[in-house]
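*Asks:* After the structure tokens below, expect a handful of questions from me.
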Number of protein chains: 2
Amino acid sequence: MNQEYIKPDEWSVVEEGFDKENVKSSESLFSIGNGAMGQRANFEEQYSGKTFQGSYIAGVYYPDKTRVGWWKNGYPEYFAKVLNAPNWIGINIFINDVTLDLNTCRKVDNFRRELNMKEGWYQRSFVATLPNEIQVSVNITRFLSLNFDEVGAIQYTLEVLNSDAKIKMIPYLDSGITNEDSNWEDKFWNTTKVTSERNRAFIEAHTMKTNLATCTFMEASATSSGIQIEGKIGEAKEAYVELEFEHDLKKGENITLYKFGGYTVSRNHDPSDLINAANTVMDEVTNLGFNTLLQKQKESWADIWKMSDIVIEGDIKAQQGIRFNIFQLNQTYLGKDSRLNIGPKGFTGEKYGGSTYWDTEAYCIPFYMATKNQQVARNLLEYRYNHLEKAIENAEKLGFKNGAALYPMVTMNGEECHNEWEITFEEIHRNGAIAFAIFNYYRYTGDYSYIIEMGLEVLVGIARFWYQRTNFSTKAQQYVILGVTGPNEYENNVSNNWYTNYIAKWCLDYTLDQIEKVKEDYPEDYKRIIDKTKLYDVELGEWSKIASNMYFPYSEKHQVFLQQDGFLDKELIKVNDLPKSERPINQKWSWDRILRSPYIKQADVLQGLYFFEDHFSIEELKNNFDFYEPYTVHESSLSPCVHSIQAAKLNRMEEAYAFYLRTSRLDLDDYNTEVEEGLHITSMAGTWMSVVEGFGGMRIIDDTLSFEPRIPKQWEAYSFKINFRNTIIKVKVSDKSNDFLLEGEEEITILVNGEKVLLQPTN
Amino acid sequence: MNQEYIKPDEWSVVEEGFDKENVKSSESLFSIGNGAMGQRANFEEQYSGKTFQGSYIAGVYYPDKTRVGWWKNGYPEYFAKVLNAPNWIGINIFINDVTLDLNTCRKVDNFRRELNMKEGWYQRSFVATLPNEIQVSVNITRFLSLNFDEVGAIQYTLEVLNSDAKIKMIPYLDSGITNEDSNWEDKFWNTTKVTSERNRAFIEAHTMKTNLATCTFMEASATSSGIQIEGKIGEAKEAYVELEFEHDLKKGENITLYKFGGYTVSRNHDPSDLINAANTVMDEVTNLGFNTLLQKQKESWADIWKMSDIVIEGDIKAQQGIRFNIFQLNQTYLGKDSRLNIGPKGFTGEKYGGSTYWDTEAYCIPFYMATKNQQVARNLLEYRYNHLEKAIENAEKLGFKNGAALYPMVTMNGEECHNEWEITFEEIHRNGAIAFAIFNYYRYTGDYSYIIEMGLEVLVGIARFWYQRTNFSTKAQQYVILGVTGPNEYENNVSNNWYTNYIAKWCLDYTLDQIEKVKEDYPEDYKRIIDKTKLYDVELGEWSKIASNMYFPYSEKHQVFLQQDGFLDKELIKVNDLPKSERPINQKWSWDRILRSPYIKQADVLQGLYFFEDHFSIEELKNNFDFYEPYTVHESSLSPCVHSIQAAKLNRMEEAYAFYLRTSRLDLDDYNTEVEEGLHITSMAGTWMSVVEGFGGMRIIDDTLSFEPRIPKQWEAYSFKINFRNTIIKVKVSDKSNDFLLEGEEEITILVNGEKVLLQPTN
């Protein structure tokens, strides 16, 4: 744990007291988003202290050129970046012409932030003593509307406490924005129009290269003592425009500025129509007014929580942690648009650049499947179908042929846009996760239509890739997969990573099964798919031959699957025997030392045992868990959740709980000393899995929902809801009993600890 | 073979006819250098066609920042670059105010270049018809003086053939130079002074960051019909200065401009004294005059050739090839200064950045040992001793302790300055080559003083590194070396590269032996070294334990040492069975595909069998050669020479000859389609080895010089000279006889085909 300043609270994230050292961290933790856009919790007024300004629009990215000293064939030419977008939240404040800037104030008292997760708003308040000794009390509420997802709203109230004062409030738009992580200071935005009319202003800007057009807009109004204050149009520059409100306050009086702002973008509107679209949406929200819009916000969040909340009784920190995770996931992606996906940092930072990793398939889809309707998960699968052609091109760049598809490690538009060869070229197991998500979606939803309409083509491309990527080893007399990086990125360019070999074999088998099934049950579709993919019977035979003769490294001595061929040559010192001063190793050790060490960044063999749990005995799980856990450093945010689920399955609840806490409060407590850079959004879905699959023991067994509930001794009870094939089941587990409540009108049989239980409608 | 336009000639490189497509290639091939500076064969007059302008000063480099997307701990912060230096050769020519530019001339006739290797000068002549129809005949001679190595000289003669004309000649200096391979257009030179006086001009400029100060200077004079033409000072700008000579020529008359120029640098002079030093050296050379200076040049080259020439009878292309190699090596490094070393491209290009690779120890030292006096090779060894402290720092950055030394993969000043982790962190066998060179130097020269004075400290640092870099494998029950890149860079991050393990063990054994020997024979020195290195007896025991229990991968089935643990899992298709269209694989295949292929870029196991030939039987050599040669693609310039030597040893003269041709005419015939970028200087020493060690079979066996001469059937005879411990022996091999001629006054016993032969003084 690296920080403790966040107050425990069931429904809110709360900071009290102003500490400049916490500003960047809080900018991440108090981030808000609505699936279409999001922003770090930057101050509206000027702040000259350490800050990381960030505002982001879903789907708006920039292909930054990557340059490394020694280019190799097949390297991606660019690295797609989440793009820091024009700023619409800014409101500069002058008190008797002195800038309000918390960094230069004489004193800041009663500073408080609250991110109200239940209702979806963010509030900040403080009393500041300016360099001119004037004391002001400020209270700001801000939210990004779920109902009008192009718009956010700010209520900025300021009272002068100790004298009369002239107040100037300057709400502005600024498109002169750069990325913190920009390579060589390239400009990413081209501003084409800056305009204002009455109390509204607009900046049209498009991204360089990708040419994504945006209009950043605002409307502002101000009142004091019930009187509307006339604003005027202020300065307009190349990439900046402002409005100006000036008013003399008597001591004890206050002024409130309302600012509505946001973005209209060419993904949703004709590029020539963005200002019109902005005016339309501003008309709508300003007709409603701030309070009504906020009321709608609360209702929309109530709807989300109704389905997705997890209640934990008797452990406020765990409660806050899980809600923070669920809240952030919903702020990031709501599943409305299959052109969007879930970036590892959501709208809270720029690191990791692209928006889509295998995190989506491995961690996020289960959460969205269970807490939304199935269309949301299907949209995420469609995203990959829409990128199939690019995945085939990506494989061709690496020398594969005949429609083999290699999905990118990182992408914004289907093209690979990461730039480390040991990742992009070798971390090919990602292809398996994409196939696994198809299987998992069908297993959970029972909706076979995706496979028929889209999924089988994806599977064929993936199977072709694995077929071409294996080779027959005359030494092993089996098929091997050389030169890969497994989920554990602390090894690379290894041969026969067990996880990769296993998922490759599984992909081949699963694809063969689905071809067979479609052929039998959907002959018309079968014909269409065969024609489209130009699939020959001979290919199926070849896949089958490889799948049935794949090599899997195994240690008889340890009775475990070997992470890769050479694992047992390593110096096997357990993590607990390493000096504390040498951890985290990714900050203390040189890269080569990490690579030849046995330390595991995130579940690797164990990831395979998680995905394919029913292929292995509990004894096998135990052996492998006991062998690999002591070498796992969990320096990836995606690591502890899988270990938590498996520890729970092994009935090691203390361990499971420890892993759970680490994953659920990773950002709130800043375990990895990097929360300033943004939140770990995709791993938050893993936290949800830790509760539902880990403690709740939820599985799907032969089309039946199954639970094996357990509860950590630190908790009195916990409960969650599951949408299983349009039937909603509420699960409540306490140390005394397990309750299963059916919401809906059709009865359903579930399994509880292996026993059939018939749930009846309750009304 | 990629080009054939170079005319075969025993002593010269000759191009005839003007082809714009050959300009960049010829700029490399006709490069000149004198050990202290060098330059590509750029035209003096303006040229608007495709060209790669390059002039380089020994030891002048720039640490260009390296940037990759994902930084890892221990990455070098910069990549040291050979720096493109200010231009002093430029002479702009105007004929009736029209620029002479071969790219825009109506016609270019009788174009001819000659690089006279025997005498060390470069000549270019042509007849050009300008856009204004005036026809001029031009003849230029240029050389960089061996006798005054800060100076070069140009004689530029121009005759008007078809009319009277006003001639303007503008010799200039220009420091507004950038590197072709500059990252993100950084400026590397800071010009501080531009000045001229009478017929001389000077530019003082220092490199950014490294702050190496230089003065680029020139003096120019012109004559026509025996009359001196008055010059005047022309334009001076921020980083440019010129002189101007104007003269009216009658049809058939000519004008000759003499330009002397070059650099004085802060490595040799006080930085405040560079202009003075330039004036001094210009006084000296202009007093001598162009013709006398050229005469001295011829004499100096005659001295070099007297010792280092290899004569091949009956094969003019082979003759031209070997002389080109010897000539270029001498142009690059003459061994005068232990602060300098041998860059892979010498002074002919910028690629590969740094100046020093393990090429120096593995390939260049044998050439310099045998063709110069031993001080030259000793200077190269001293270079590494002077960098020992940096090598220890380099190892510390990677987590090694206690005085372990890891020499950099690429360096200018002792610091690592390459930037691929798989090379810098893992290609650690380079450390072994540095120890091997110490052994090799002593074996050849019998001079033990280097080991006592410097070498043993280097060996201790290297042994400590190997000790810490191994680990005990409980699986193998031996010591292993994980995560390395061998000499074959087409694999990386492999475990137990046989070559690396072997040279590591050898380093430990050799260091232990030398410690023992110094302890016995030089007890005073021993005490000093032990004190300085803080070497404990316990360390020696640990080294010994590892050296005697090192793991070496071996295939019983193939009876070969395995390049690395996983080699036999690869798909073993021989190079000859690959489609021609897929080669060279480094241009056709993606990097991951290369890495998992069996293809070998340059000798790896075979490099070990070359270094440690006497540790292995001829049978072992044969097995390994037969196994690895068919997978070797020789896509490194350093590859064919080792194979040539080993093929000769195996008495496969056809193969040996084919490898020899490939190495000796690599650049002249442009085998790798890249000669435009510069020449492959360090591999040229390998060519020399192919003749002397390969065909001549030269070895040192127990302090005795030994030969097993063979001759390719394409040759009538060949001869070379060897300086062995200050005794010079001339070896002449023909298809009829082997002759050994002693130059000197003391008899010497050598071995010829294993038989003792006593050579007597001949006079």
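So you can find residues: chains in the structure tokens are A, B, ... in the order shown, residues in each start at 1, and ligands are numbered from 1 in order.
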At a cut-off of 6 Å, which residues of chain B touch chain A? Count only C-alpha atoms and give the answer as a VMD selection string.
*Replies:* chain B and resid 68 73 to 74 398 425 473 475 482 to 483 569 590 to 592 596
*Asks:* Produce a file of the selected residues containing C-alpha atoms, as an mmCIF file, in the first residue's frame.
*Replies:*
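New file again_23.cif:
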data_model
loop_
_atom_site.group_PDB
_atom_site.id
_atom_site.type_symbol
_atom_site.label_atom_id
_atom_site.label_comp_id
_atom_site.auth_asym_id
_atom_site.auth_seq_id
_atom_site.Cartn_x
_atom_site.Cartn_y
_atom_site.Cartn_z
ATOM 1 C CA VAL B 68 11.945 3.776 -27.739
ATOM 2 C CA ASN B 73 15.777 -0.382 -16.534
ATOM 3 C CA GLY B 74 19.393 -0.371 -17.577
ATOM 4 C CA LEU B 398 22.767 -4.342 -14.779
ATOM 5 C CA PHE B 425 22.009 -6.898 -22.129
ATOM 6 C CA SER B 473 20.485 -25.468 -12.605
ATOM 7 C CA LYS B 475 17.641 -29.701 -13.477
ATOM 8 C CA LEU B 482 20.394 -18.195 -19.356
ATOM 9 C CA GLY B 483 19.043 -15.425 -21.534
ATOM 10 C CA ASP B 569 13.283 -28.082 -31.947
ATOM 11 C CA SER B 590 9.627 -10.641 -40.174
ATOM 12 C CA TRP B 591 11.881 -10.612 -37.157
ATOM 13 C CA ASP B 592 10.009 -13.280 -35.184
ATOM 14 C CA ARG B 596 12.580 -19.086 -34.631
#
*Asks:* Show me, as JSON lines, the residues of range 30-78 of chain B having an atom within 12 Å of range 116-135 of chain B, each with the closest atom pair and its distance in Å, using only C-alpha atoms.
*Replies:*
{"residue": "B:Phe30", "atom": "CA", "partner": "B:Tyr122", "partner_atom": "CA", "distance": 7.2}
{"residue": "B:Ser31", "atom": "CA", "partner": "B:Tyr122", "partner_atom": "CA", "distance": 8.4}
{"residue": "B:Ile32", "atom": "CA", "partner": "B:Tyr122", "partner_atom": "CA", "distance": 7.5}
{"residue": "B:Gly33", "atom": "CA", "partner": "B:Gly120", "partner_atom": "CA", "distance": 9.0}
{"residue": "B:Asn34", "atom": "CA", "partner": "B:Gly120", "partner_atom": "CA", "distance": 9.2}
{"residue": "B:Gln39", "atom": "CA", "partner": "B:Tyr122", "partner_atom": "CA", "distance": 11.4}
{"residue": "B:Arg40", "atom": "CA", "partner": "B:Tyr122", "partner_atom": "CA", "distance": 11.0}
{"residue": "B:Ala41", "atom": "CA", "partner": "B:Tyr122", "partner_atom": "CA", "distance": 8.4}
{"residue": "B:Asn42", "atom": "CA", "partner": "B:Arg124", "partner_atom": "CA", "distance": 10.6}
{"residue": "B:Phe43", "atom": "CA", "partner": "B:Arg124", "partner_atom": "CA", "distance": 8.9}
{"residue": "B:Glu44", "atom": "CA", "partner": "B:Arg124", "partner_atom": "CA", "distance": 10.2}
{"residue": "B:Glu45", "atom": "CA", "partner": "B:Arg124", "partner_atom": "CA", "distance": 11.8}
*Asks:* Find the spatial neighbours of range 712-718 of chain B, counting only C-alpha atoms, within a cut-off of 12 Å - ignore same-chain residues fewer than 5 positions away - and output them as number ranges by chain.
*Replies:* B: 309-319, 322, 644, 647-648, 651-661, 690-692, 694-696, 730-739
*Asks:* Write to file, as an mmCIF file, in the first residue's frame, the residues of the selection just made, with C-alpha atoms.
*Replies:*
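Written output follows (result34.cif):
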data_model
loop_
_atom_site.group_PDB
_atom_site.id
_atom_site.type_symbol
_atom_site.label_atom_id
_atom_site.label_comp_id
_atom_site.auth_asym_id
_atom_site.auth_seq_id
_atom_site.Cartn_x
_atom_site.Cartn_y
_atom_site.Cartn_z
ATOM 1 C CA ASP B 309 50.779 -6.538 -49.243
ATOM 2 C CA ILE B 310 49.374 -9.852 -50.331
ATOM 3 C CA VAL B 311 50.219 -10.741 -53.914
ATOM 4 C CA ILE B 312 47.924 -13.111 -55.750
ATOM 5 C CA GLU B 313 49.018 -14.332 -59.123
ATOM 6 C CA GLY B 314 46.643 -15.465 -61.808
ATOM 7 C CA ASP B 315 43.414 -14.009 -60.384
ATOM 8 C CA ILE B 316 43.118 -10.272 -60.869
ATOM 9 C CA LYS B 317 39.764 -9.942 -59.114
ATOM 10 C CA ALA B 318 41.035 -11.743 -56.037
ATOM 11 C CA GLN B 319 44.156 -9.576 -56.141
ATOM 12 C CA ILE B 322 42.541 -8.380 -51.048
ATOM 13 C CA SER B 644 36.671 -20.000 -45.388
ATOM 14 C CA ALA B 647 36.889 -25.113 -45.124
ATOM 15 C CA ALA B 648 40.574 -24.694 -45.976
ATOM 16 C CA ASN B 651 40.901 -29.272 -47.300
ATOM 17 C CA ARG B 652 37.730 -28.228 -49.108
ATOM 18 C CA MET B 653 39.440 -25.696 -51.282
ATOM 19 C CA GLU B 654 36.533 -25.012 -53.624
ATOM 20 C CA GLU B 655 34.344 -24.044 -50.693
ATOM 21 C CA ALA B 656 37.148 -22.115 -49.045
ATOM 22 C CA TYR B 657 37.726 -20.150 -52.232
ATOM 23 C CA ALA B 658 34.024 -19.353 -52.677
ATOM 24 C CA PHE B 659 33.823 -17.995 -49.106
ATOM 25 C CA TYR B 660 37.040 -16.076 -49.696
ATOM 26 C CA LEU B 661 35.721 -14.362 -52.816
ATOM 27 C CA SER B 690 41.170 -16.083 -44.838
ATOM 28 C CA VAL B 691 44.370 -15.876 -46.847
ATOM 29 C CA VAL B 692 46.953 -16.046 -44.099
ATOM 30 C CA GLY B 694 42.989 -20.121 -44.134
ATOM 31 C CA PHE B 695 45.087 -20.773 -47.230
ATOM 32 C CA GLY B 696 48.448 -20.168 -45.581
ATOM 33 C CA LYS B 730 57.766 -13.739 -46.442
ATOM 34 C CA VAL B 731 55.633 -16.668 -47.424
ATOM 35 C CA LYS B 732 55.084 -17.556 -51.035
ATOM 36 C CA VAL B 733 52.810 -20.398 -51.971
ATOM 37 C CA SER B 734 52.389 -21.641 -55.493
ATOM 38 C CA ASP B 735 50.847 -24.747 -56.915
ATOM 39 C CA LYS B 736 54.377 -26.080 -57.221
ATOM 40 C CA SER B 737 56.200 -25.014 -54.097
ATOM 41 C CA ASN B 738 56.120 -23.210 -50.779
ATOM 42 C CA ASP B 739 58.863 -20.678 -50.158
#
*Asks:* Just want the 6 Å neighbourhood of range 662-669 of chain B, counted on only C-alpha atoms, with same-chain residues fewer than 3 positions away dropped. Output as a VMD selection string.
*Replies:* chain B and resid 1 to 3 321 to 322 640 659 675 687
*Asks:* Could those residues be written to a file, using C-alpha atoms, as a PDB file, in the first residue's frame?
*Replies:*
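File produced: selection_12.pdb:
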ATOM      1  CA  MET B   1      26.858 -10.148 -56.593  1.00  0.00           C
ATOM      2  CA  ASN B   2      24.967  -6.926 -57.061  1.00  0.00           C
ATOM      3  CA  GLN B   3      27.209  -4.734 -59.210  1.00  0.00           C
ATOM      4  CA  GLY B 321      39.856  -7.609 -53.583  1.00  0.00           C
ATOM      5  CA  ILE B 322      42.541  -8.380 -51.048  1.00  0.00           C
ATOM      6  CA  PRO B 640      32.325 -16.001 -44.563  1.00  0.00           C
ATOM      7  CA  PHE B 659      33.823 -17.995 -49.106  1.00  0.00           C
ATOM      8  CA  VAL B 675      27.562  -0.464 -50.181  1.00  0.00           C
ATOM      9  CA  THR B 687      39.543 -11.431 -45.462  1.00  0.00           C
TER      10      THR B 687
END
*Asks:* Considering only strand (DSSP E or B) as DSSP defines it on the backbone, what residues of range 200-444 of chain A qualify? List them as a VMD selection string.
*Replies:* chain A and resid 200 to 207 213 to 224 227 to 229 231 to 237 240 to 249 254 to 265 310 to 313 356 411
*Asks:* Run DSSP on the backbone and tell me which residues of range 293-524 of chain B come out as alpha helix (DSSP H); list them as a PyMOL selection string.
*Replies:* chain B and resi 293-308+316-332+359+365-371+374-386+388-397+421-424+430-445+449-450+456-469+498-521+523-524
*Asks:* Need to verify the contact set: range 231-242 of chain B, 10 Å, only C-alpha atoms, exclusion of same-chain residues closer than 6 positions in sequence. Can you return it as a PyMOL selection string?
*Replies:* chain B and resi 86-87+90-92+169-177+189-205+217-218+220-222
*Asks:* With a distance cut-off of 8 Å and only C-alpha atoms, select the neighbouring residues of range 409-411 of chain A, excluding the residue or stretch itself and same-chain residues fewer than 4 positions from it, and output the selection as a ChimeraX atom specification.
*Replies:* /A:80,354-358,415-418,423-424,427-428,430
